[in-house]
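A.B. asks: Handing over run_16.pdb, PDB, C-alpha atoms.
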ATOM      1  CA  MET S   1       0.000   0.000   0.000
ATOM      2  CA  LYS S   2       1.389   3.399  -0.981
ATOM      3  CA  GLN S   3       2.168   5.387   2.144
ATOM      4  CA  ASN S   4       0.385   8.721   1.811
ATOM      5  CA  ASN S   5       1.001  11.380   4.406
ATOM      6  CA  PHE S   6      -2.712  11.435   5.230
ATOM      7  CA  ASP S   7      -4.929   8.394   5.380
ATOM      8  CA  GLU S   8      -8.354   8.319   3.712
ATOM      9  CA  TYR S   9     -10.273   9.244   6.888
ATOM     10  CA  GLN S  10      -8.025  12.247   7.460
ATOM     11  CA  LEU S  11      -8.394  13.278   3.803
ATOM     12  CA  MET S  12     -12.180  13.084   4.082
ATOM     13  CA  LYS S  13     -12.067  15.292   7.176
ATOM     14  CA  ARG S  14      -9.755  17.761   5.431
ATOM     15  CA  TYR S  15     -12.078  18.000   2.411
ATOM     16  CA  ARG S  16     -15.009  18.682   4.731
ATOM     17  CA  VAL S  17     -13.134  21.371   6.670
ATOM     18  CA  SER S  18     -11.882  22.889   3.381
ATOM     19  CA  PHE S  19     -15.461  23.303   2.221
ATOM     20  CA  GLN S  20     -16.474  24.906   5.530
ATOM     21  CA  THR S  21     -13.473  27.228   5.247
ATOM     22  CA  LEU S  22     -14.511  28.218   1.731
ATOM     23  CA  ILE S  23     -18.016  29.062   2.945
ATOM     24  CA  LEU S  24     -16.576  31.062   5.860
ATOM     25  CA  LEU S  25     -14.289  32.913   3.443
ATOM     26  CA  LEU S  26     -17.187  33.771   1.139
ATOM     27  CA  ILE S  27     -19.315  35.008   4.057
ATOM     28  CA  MET S  28     -16.472  37.206   5.331
ATOM     29  CA  VAL S  29     -15.808  38.600   1.842
ATOM     30  CA  PHE S  30     -19.511  39.403   1.503
ATOM     31  CA  ILE S  31     -19.773  41.068   4.937
ATOM     32  CA  ASN S  32     -16.533  42.967   4.375
ATOM     33  CA  GLY S  33     -17.825  44.196   1.024
ATOM     34  CA  MET S  34     -21.021  45.481   2.641
ATOM     35  CA  VAL S  35     -19.182  47.188   5.507
ATOM     36  CA  SER S  36     -16.392  48.732   3.394
ATOM     37  CA  ASP S  37     -18.987  50.154   1.076
ATOM     38  CA  HIS S  38     -20.164  52.422   3.909
ATOM     39  CA  TYR S  39     -17.063  52.736   6.024
ATOM     40  CA  MET S  40     -13.435  52.038   5.004
ATOM     41  CA  TRP S  41     -12.252  50.380   8.228
ATOM     42  CA  ALA S  42      -8.886  49.260   6.776
ATOM     43  CA  THR S  43      -6.807  49.444   3.618
ATOM     44  CA  PRO S  44      -7.690  46.770   1.008
ATOM     45  CA  ILE S  45      -4.478  44.817   1.735
ATOM     46  CA  VAL S  46      -5.260  44.683   5.450
ATOM     47  CA  GLN S  47      -8.856  43.644   4.748
ATOM     48  CA  ALA S  48      -7.619  40.793   2.551
ATOM     49  CA  MET S  49      -4.974  39.750   5.089
ATOM     50  CA  ILE S  50      -7.476  39.610   7.942
ATOM     51  CA  ILE S  51      -9.956  37.570   5.916
ATOM     52  CA  VAL S  52      -7.254  35.136   4.767
ATOM     53  CA  SER S  53      -5.771  34.886   8.271
ATOM     54  CA  VAL S  54      -9.116  34.111   9.918
ATOM     55  CA  SER S  55      -9.865  31.457   7.281
ATOM     56  CA  THR S  56      -6.415  29.907   7.704
ATOM     57  CA  ALA S  57      -6.745  29.908  11.489
ATOM     58  CA  TYR S  58     -10.165  28.234  11.208
ATOM     59  CA  PHE S  59      -8.908  25.529   8.813
ATOM     60  CA  VAL S  60      -5.819  24.735  10.878
ATOM     61  CA  SER S  61      -7.671  24.770  14.218
ATOM     62  CA  VAL S  62     -10.413  22.407  13.090
ATOM     63  CA  CYS S  63      -7.939  20.113  11.305
ATOM     64  CA  LEU S  64      -5.768  20.006  14.421
ATOM     65  CA  PHE S  65      -8.804  19.280  16.573
ATOM     66  CA  LYS S  66      -9.822  16.448  14.214
ATOM     67  CA  ASP S  67      -6.246  15.123  13.937
ATOM     68  CA  ALA S  68      -6.079  15.817  10.220
ATOM     69  CA  TYR S  69      -3.459  18.551  10.072
ATOM     70  CA  ILE S  70      -0.148  16.827  10.702
ATOM     71  CA  GLY S  71       0.515  13.851   8.427
ATOM     72  CA  ASN S  72       1.136  10.334   9.689
ATOM     73  CA  HIS S  73       4.587  10.101   8.159
ATOM     74  CA  THR S  74       5.839  13.591   8.959
ATOM     75  CA  ARG S  75       9.249  13.360  10.555
ATOM     76  CA  ASN S  76       9.981  15.538  13.545
ATOM     77  CA  LYS S  77       6.492  16.981  13.809
ATOM     78  CA  ALA S  78       7.417  19.735  16.259
ATOM     79  CA  ALA S  79      10.254  21.217  14.145
ATOM     80  CA  GLY S  80       8.002  23.073  11.707
ATOM     81  CA  LEU S  81       5.836  24.349  14.545
ATOM     82  CA  VAL S  82       8.842  25.675  16.460
ATOM     83  CA  LEU S  83       9.962  27.461  13.287
ATOM     84  CA  PHE S  84       6.462  28.972  13.018
ATOM     85  CA  PHE S  85       6.697  30.126  16.626
ATOM     86  CA  VAL S  86      10.073  31.825  16.075
ATOM     87  CA  LEU S  87       8.794  33.479  12.893
ATOM     88  CA  GLY S  88       5.628  34.625  14.644
ATOM     89  CA  ALA S  89       7.459  35.986  17.671
ATOM     90  CA  ALA S  90       9.958  37.857  15.453
ATOM     91  CA  ASN S  91       7.185  39.333  13.288
ATOM     92  CA  THR S  92       5.105  40.434  16.277
ATOM     93  CA  ALA S  93       8.068  41.915  18.133
ATOM     94  CA  THR S  94       9.438  43.890  15.155
ATOM     95  CA  SER S  95       5.989  45.170  14.233
ATOM     96  CA  LEU S  96       5.202  46.315  17.777
ATOM     97  CA  TYR S  97       8.650  47.889  18.139
ATOM     98  CA  ALA S  98       8.396  49.783  14.830
ATOM     99  CA  ASN S  99       4.849  51.068  15.423
ATOM    100  CA  TRP S 100       4.844  51.537  19.179
ATOM    101  CA  HIS S 101       4.550  55.338  19.028
ATOM    102  CA  THR S 102       2.812  55.839  15.704
ATOM    103  CA  GLY S 103       0.112  53.181  16.083
ATOM    104  CA  TYR S 104      -1.671  51.287  13.336
ATOM    105  CA  VAL S 105      -4.731  53.490  12.802
ATOM    106  CA  GLU S 106      -4.805  56.576  10.620
ATOM    107  CA  ASN S 107      -7.997  58.505   9.770
ATOM    108  CA  GLY S 108     -10.047  55.763  11.371
ATOM    109  CA  ALA S 109      -8.640  52.997   9.172
ATOM    110  CA  LEU S 110      -6.084  50.290   9.862
ATOM    111  CA  GLN S 111      -2.921  50.919   7.865
ATOM    112  CA  ASN S 112      -0.659  48.469   5.994
ATOM    113  CA  ASP S 113       1.833  48.397   8.906
ATOM    114  CA  VAL S 114      -0.536  46.100  10.757
ATOM    115  CA  VAL S 115      -0.013  43.298   8.208
ATOM    116  CA  SER S 116       3.181  42.032   9.833
ATOM    117  CA  LEU S 117       1.481  42.099  13.248
ATOM    118  CA  ILE S 118      -1.442  40.055  11.869
ATOM    119  CA  LEU S 119       0.975  37.544  10.325
ATOM    120  CA  GLY S 120       2.951  37.393  13.559
ATOM    121  CA  ILE S 121      -0.146  36.690  15.642
ATOM    122  CA  LEU S 122      -1.328  34.105  13.092
ATOM    123  CA  PHE S 123       2.010  32.266  13.164
ATOM    124  CA  LEU S 124       2.119  32.375  16.963
ATOM    125  CA  TYR S 125      -1.422  31.024  17.184
ATOM    126  CA  LEU S 126      -0.785  28.240  14.633
ATOM    127  CA  SER S 127       2.413  27.114  16.330
ATOM    128  CA  LEU S 128       0.925  27.112  19.836
ATOM    129  CA  ALA S 129      -2.238  25.321  18.677
ATOM    130  CA  GLY S 130      -0.083  22.756  16.834
ATOM    131  CA  LEU S 131       2.185  22.136  19.804
ATOM    132  CA  LEU S 132      -0.833  21.792  22.100
ATOM    133  CA  SER S 133      -2.476  19.277  19.759
ATOM    134  CA  LEU S 134       0.786  17.272  19.524
ATOM    135  CA  TYR S 135       0.896  17.159  23.320
ATOM    136  CA  VAL S 136      -2.758  16.076  23.564
ATOM    137  CA  LEU S 137      -2.313  13.376  20.895
ATOM    138  CA  LYS S 138       0.784  12.041  22.608
ATOM    139  CA  LYS S 139      -1.026  11.952  25.931
ATOM    140  CA  ARG S 140      -4.050  10.213  24.388
ATOM    141  CA  SER S 141      -1.943   7.495  22.707
ATOM    142  CA  ARG S 142      -0.107   6.920  26.013
ATOM    143  CA  ASP S 143      -3.471   6.373  27.749
TER
ATOM    144  CA  MET C   1     -23.132   1.976  11.517
ATOM    145  CA  PRO C   2     -22.459  -0.974  13.877
ATOM    146  CA  ARG C   3     -19.182  -1.350  15.728
ATOM    147  CA  ASN C   4     -16.631  -3.758  14.311
ATOM    148  CA  ILE C   5     -15.529  -5.860  17.255
ATOM    149  CA  MET C   6     -13.794  -8.491  15.109
ATOM    150  CA  ILE C   7     -10.866  -6.156  14.494
ATOM    151  CA  LYS C   8     -10.610  -5.556  18.229
ATOM    152  CA  VAL C   9     -10.672  -9.318  18.897
ATOM    153  CA  ALA C  10      -8.060 -10.044  16.205
ATOM    154  CA  ARG C  11      -5.922  -7.226  17.574
ATOM    155  CA  ALA C  12      -6.217  -8.575  21.114
ATOM    156  CA  GLU C  13      -5.191 -12.050  19.910
ATOM    157  CA  LEU C  14      -1.951 -10.573  18.637
ATOM    158  CA  ASP C  15      -1.608  -8.394  21.760
ATOM    159  CA  MET C  16      -1.573  -5.220  19.686
ATOM    160  CA  THR C  17      -2.807  -1.791  20.672
ATOM    161  CA  GLN C  18      -4.764   0.435  18.291
ATOM    162  CA  LYS C  19      -1.602   2.491  17.846
ATOM    163  CA  ASP C  20       0.511  -0.578  16.951
ATOM    164  CA  LEU C  21      -1.991  -1.695  14.338
ATOM    165  CA  ALA C  22      -2.437   1.816  12.961
ATOM    166  CA  ASP C  23       1.339   2.258  12.617
ATOM    167  CA  LYS C  24       1.698  -1.061  10.794
ATOM    168  CA  VAL C  25      -1.146  -0.253   8.415
ATOM    169  CA  GLY C  26       0.105   3.312   7.903
ATOM    170  CA  ILE C  27      -2.887   5.218   9.244
ATOM    171  CA  SER C  28      -3.517   7.330  12.342
ATOM    172  CA  ARG C  29      -4.751   5.858  15.633
ATOM    173  CA  GLN C  30      -7.878   8.009  15.379
ATOM    174  CA  THR C  31      -8.697   6.447  12.001
ATOM    175  CA  MET C  32      -8.292   2.948  13.419
ATOM    176  CA  ASN C  33     -10.520   3.925  16.327
ATOM    177  CA  ALA C  34     -13.154   5.296  13.910
ATOM    178  CA  ILE C  35     -13.112   1.991  11.974
ATOM    179  CA  GLU C  36     -13.511  -0.068  15.152
ATOM    180  CA  GLN C  37     -16.291   2.189  16.419
ATOM    181  CA  GLY C  38     -18.087   1.942  13.081
ATOM    182  CA  GLU C  39     -17.836   5.681  12.479
ATOM    183  CA  TRP C  40     -15.914   5.234   9.240
ATOM    184  CA  ASN C  41     -16.377   2.743   6.445
ATOM    185  CA  PRO C  42     -12.874   2.087   5.050
ATOM    186  CA  THR C  43     -12.108   1.418   1.390
ATOM    187  CA  ILE C  44     -11.374  -2.123   0.243
ATOM    188  CA  LYS C  45      -7.707  -1.166  -0.076
ATOM    189  CA  LEU C  46      -7.499  -0.234   3.607
ATOM    190  CA  CYS C  47      -9.550  -3.285   4.638
ATOM    191  CA  LYS C  48      -7.043  -5.513   2.821
ATOM    192  CA  ALA C  49      -4.119  -3.785   4.528
ATOM    193  CA  ILE C  50      -5.720  -4.334   7.953
ATOM    194  CA  CYS C  51      -6.440  -7.997   7.131
ATOM    195  CA  LYS C  52      -2.848  -8.508   6.001
ATOM    196  CA  VAL C  53      -1.430  -7.150   9.254
ATOM    197  CA  LEU C  54      -3.862  -9.133  11.415
ATOM    198  CA  GLY C  55      -3.482 -12.322   9.344
ATOM    199  CA  LYS C  56      -7.222 -12.646   8.748
ATOM    200  CA  SER C  57      -9.405 -12.767   5.655
ATOM    201  CA  LEU C  58     -11.715  -9.965   4.539
ATOM    202  CA  ASP C  59     -14.636 -12.197   5.436
ATOM    203  CA  ASP C  60     -13.331 -12.699   8.973
ATOM    204  CA  LEU C  61     -13.068  -8.995   9.712
ATOM    205  CA  PHE C  62     -15.538  -7.268   7.421
ATOM    206  CA  GLY C  63     -17.787 -10.069   6.112
ATOM    207  CA  GLY C  64     -21.508 -10.731   6.767
ATOM    208  CA  ASP C  65     -23.642  -9.545   9.638
ATOM    209  CA  ASP C  66     -23.124 -12.546  11.893
ATOM    210  CA  GLY C  67     -20.674 -12.216  14.692
ATOM    211  CA  GLU C  68     -18.426  -9.347  13.727
ATOM    212  CA  THR C  69     -20.643  -6.531  14.771
ATOM    213  CA  GLU C  70     -22.510  -5.621  17.901
TER
END
How would this structure read if it were set down as structure tokens?
C.D. replies:
Amino acid sequence: MKQNNFDEYQLMKRYRVSFQTLILLLIMVFINGMVSDHYMWATPIVQAMIIVSVSTAYFVSVCLFKDAYIGNHTRNKAAGLVLFFVLGAANTATSLYANWHTGYVENGALQNDVVSLILGILFLYLSLAGLLSLYVLKKRSRD
Amino acid sequence: MPRNIMIKVARAELDMTQKDLADKVGISRQTMNAIEQGEWNPTIKLCKAICKVLGKSLDDLFGGDDGETE
């Protein structure tokens, strides 16, 4: 049997979560379109980044919860997550340091400087959620 | 879907845990658990792989309605 990284049950769960993520993405795009039409709350790049980040966070969280995010044959599962954590911490720290006095809001709208902060928070969240799920899975298989 | 206790019995005969069997078949422990609990109907390819590891026939583990389910 060919050794795929995900087995068929995991793939089925991923397809299902992918579809939910697509629906969530479409809903957010629709709501954002309605809101931005009346009030420009952020620059278009920031709007796109927030929508993509929320969708990504949803997909990864649900896949992690359903044990369908990290493949069965992935070597050193924590390595990638630690790299994510370092990247996230660096992004968040540099963004906060650079914009500490100026802030991220100008004329009532979020500016492009906030993108690196959003990415930093996303990476931090993904890495911590991944490490937590690895710990839970390890504990469960020990029981 | 009914639970498949024949896999559990065959596994117990070989003194294997769900994790051991899942590793040998190349799937996750959660998938093996879903198959045993009857939450997931595996493909014939996966059924064959499980049978091969447990040394049983498809009929023994996944055949008819008599005996293998509860």
A.B. asks: Glu39 of chain C: which residues within 9 Å, counting all atoms listed in the file, same-chain residues fewer than 4 positions away excluded, as a list in words?
C.D. replies: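 The filter keeps Met1, Pro2, Arg3, Asn33, Ala34 and Ile35 of chain C.
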A.B. asks: Tell me, as number ranges by chain, which residues lie within 10 Å of segment 16-18 of chain S, counting all atoms listed in the file; anything in the same chain fewer than 2 positions away does not count.
C.D. replies: S: 10-14, 20-24, 55-56, 58-63, 66, 68
A.B. asks: Which residues of chain C are close to chain S, meaning at most 12 Å apart when you count all atoms listed in the file, and how do they look as number ranges by chain?
C.D. replies: C: 17-20, 22-35, 39-50, 52-53
A.B. asks: Could you write out that same residue set with C-alpha atoms as a short mmCIF file (atom, residue, chain, number, x, y, z; two decimals), keeping the file's coordinate frame?
C.D. replies:
data_model
loop_
_atom_site.label_atom_id
_atom_site.label_comp_id
_atom_site.auth_asym_id
_atom_site.auth_seq_id
_atom_site.Cartn_x
_atom_site.Cartn_y
_atom_site.Cartn_z
CA THR C 17 -2.81 -1.79 20.67
CA GLN C 18 -4.76 0.44 18.29
CA LYS C 19 -1.60 2.49 17.85
CA ASP C 20 0.51 -0.58 16.95
CA ALA C 22 -2.44 1.82 12.96
CA ASP C 23 1.34 2.26 12.62
CA LYS C 24 1.70 -1.06 10.79
CA VAL C 25 -1.15 -0.25 8.41
CA GLY C 26 0.10 3.31 7.90
CA ILE C 27 -2.89 5.22 9.24
CA SER C 28 -3.52 7.33 12.34
CA ARG C 29 -4.75 5.86 15.63
CA GLN C 30 -7.88 8.01 15.38
CA THR C 31 -8.70 6.45 12.00
CA MET C 32 -8.29 2.95 13.42
CA ASN C 33 -10.52 3.92 16.33
CA ALA C 34 -13.15 5.30 13.91
CA ILE C 35 -13.11 1.99 11.97
CA GLU C 39 -17.84 5.68 12.48
CA TRP C 40 -15.91 5.23 9.24
CA ASN C 41 -16.38 2.74 6.44
CA PRO C 42 -12.87 2.09 5.05
CA THR C 43 -12.11 1.42 1.39
CA ILE C 44 -11.37 -2.12 0.24
CA LYS C 45 -7.71 -1.17 -0.08
CA LEU C 46 -7.50 -0.23 3.61
CA CYS C 47 -9.55 -3.28 4.64
CA LYS C 48 -7.04 -5.51 2.82
CA ALA C 49 -4.12 -3.78 4.53
CA ILE C 50 -5.72 -4.33 7.95
CA LYS C 52 -2.85 -8.51 6.00
CA VAL C 53 -1.43 -7.15 9.25
#
A.B. asks: Given only C-alpha atoms as the basis, pick out the residue of S:Leu26, S:Ala89, S:Ile31, S:Ile50 nearest to Ser127 of chain S.
C.D. replies: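 Once distances to Ser127 of chain S are computed over only C-alpha atoms, the minimum belongs to S:Ala89.
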A.B. asks: Name the residues in contact with segment 59-62 of chain C at a cut-off of 9 Å, using only C-alpha atoms, excluding same-chain residues fewer than 6 positions from it; report them as a compact mmCIF listing (two decimals) with C-alpha atoms, in the coordinates of the input.
C.D. replies:
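Result file is result_27.txt:
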# COMPACT_ATOMS: atom_id res chain seq x y z
CA ASN C 4 -16.63 -3.76 14.31
CA ILE C 5 -15.53 -5.86 17.26
CA MET C 6 -13.79 -8.49 15.11
CA ILE C 7 -10.87 -6.16 14.49
CA ALA C 10 -8.06 -10.04 16.20
CA CYS C 47 -9.55 -3.28 4.64
CA ILE C 50 -5.72 -4.33 7.95
CA CYS C 51 -6.44 -8.00 7.13
CA GLU C 68 -18.43 -9.35 13.73
CA THR C 69 -20.64 -6.53 14.77
A.B. asks: Just so the selection is clear, what residues does the PyMOL selection byres ((chain S and resi 96) around 12) cover here, as an MDAnalysis selection string?
C.D. replies: chainID S and resid 89:95 97:104 113:118 120:121
A.B. asks: Which residue is closest to Ile51 of chain S? Choose from S:Leu119, S:Ala109, S:Leu64, S:Leu81 and count only C-alpha atoms.
C.D. replies: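 Once distances to Ile51 of chain S are computed over only C-alpha atoms, the minimum belongs to S:Leu119.
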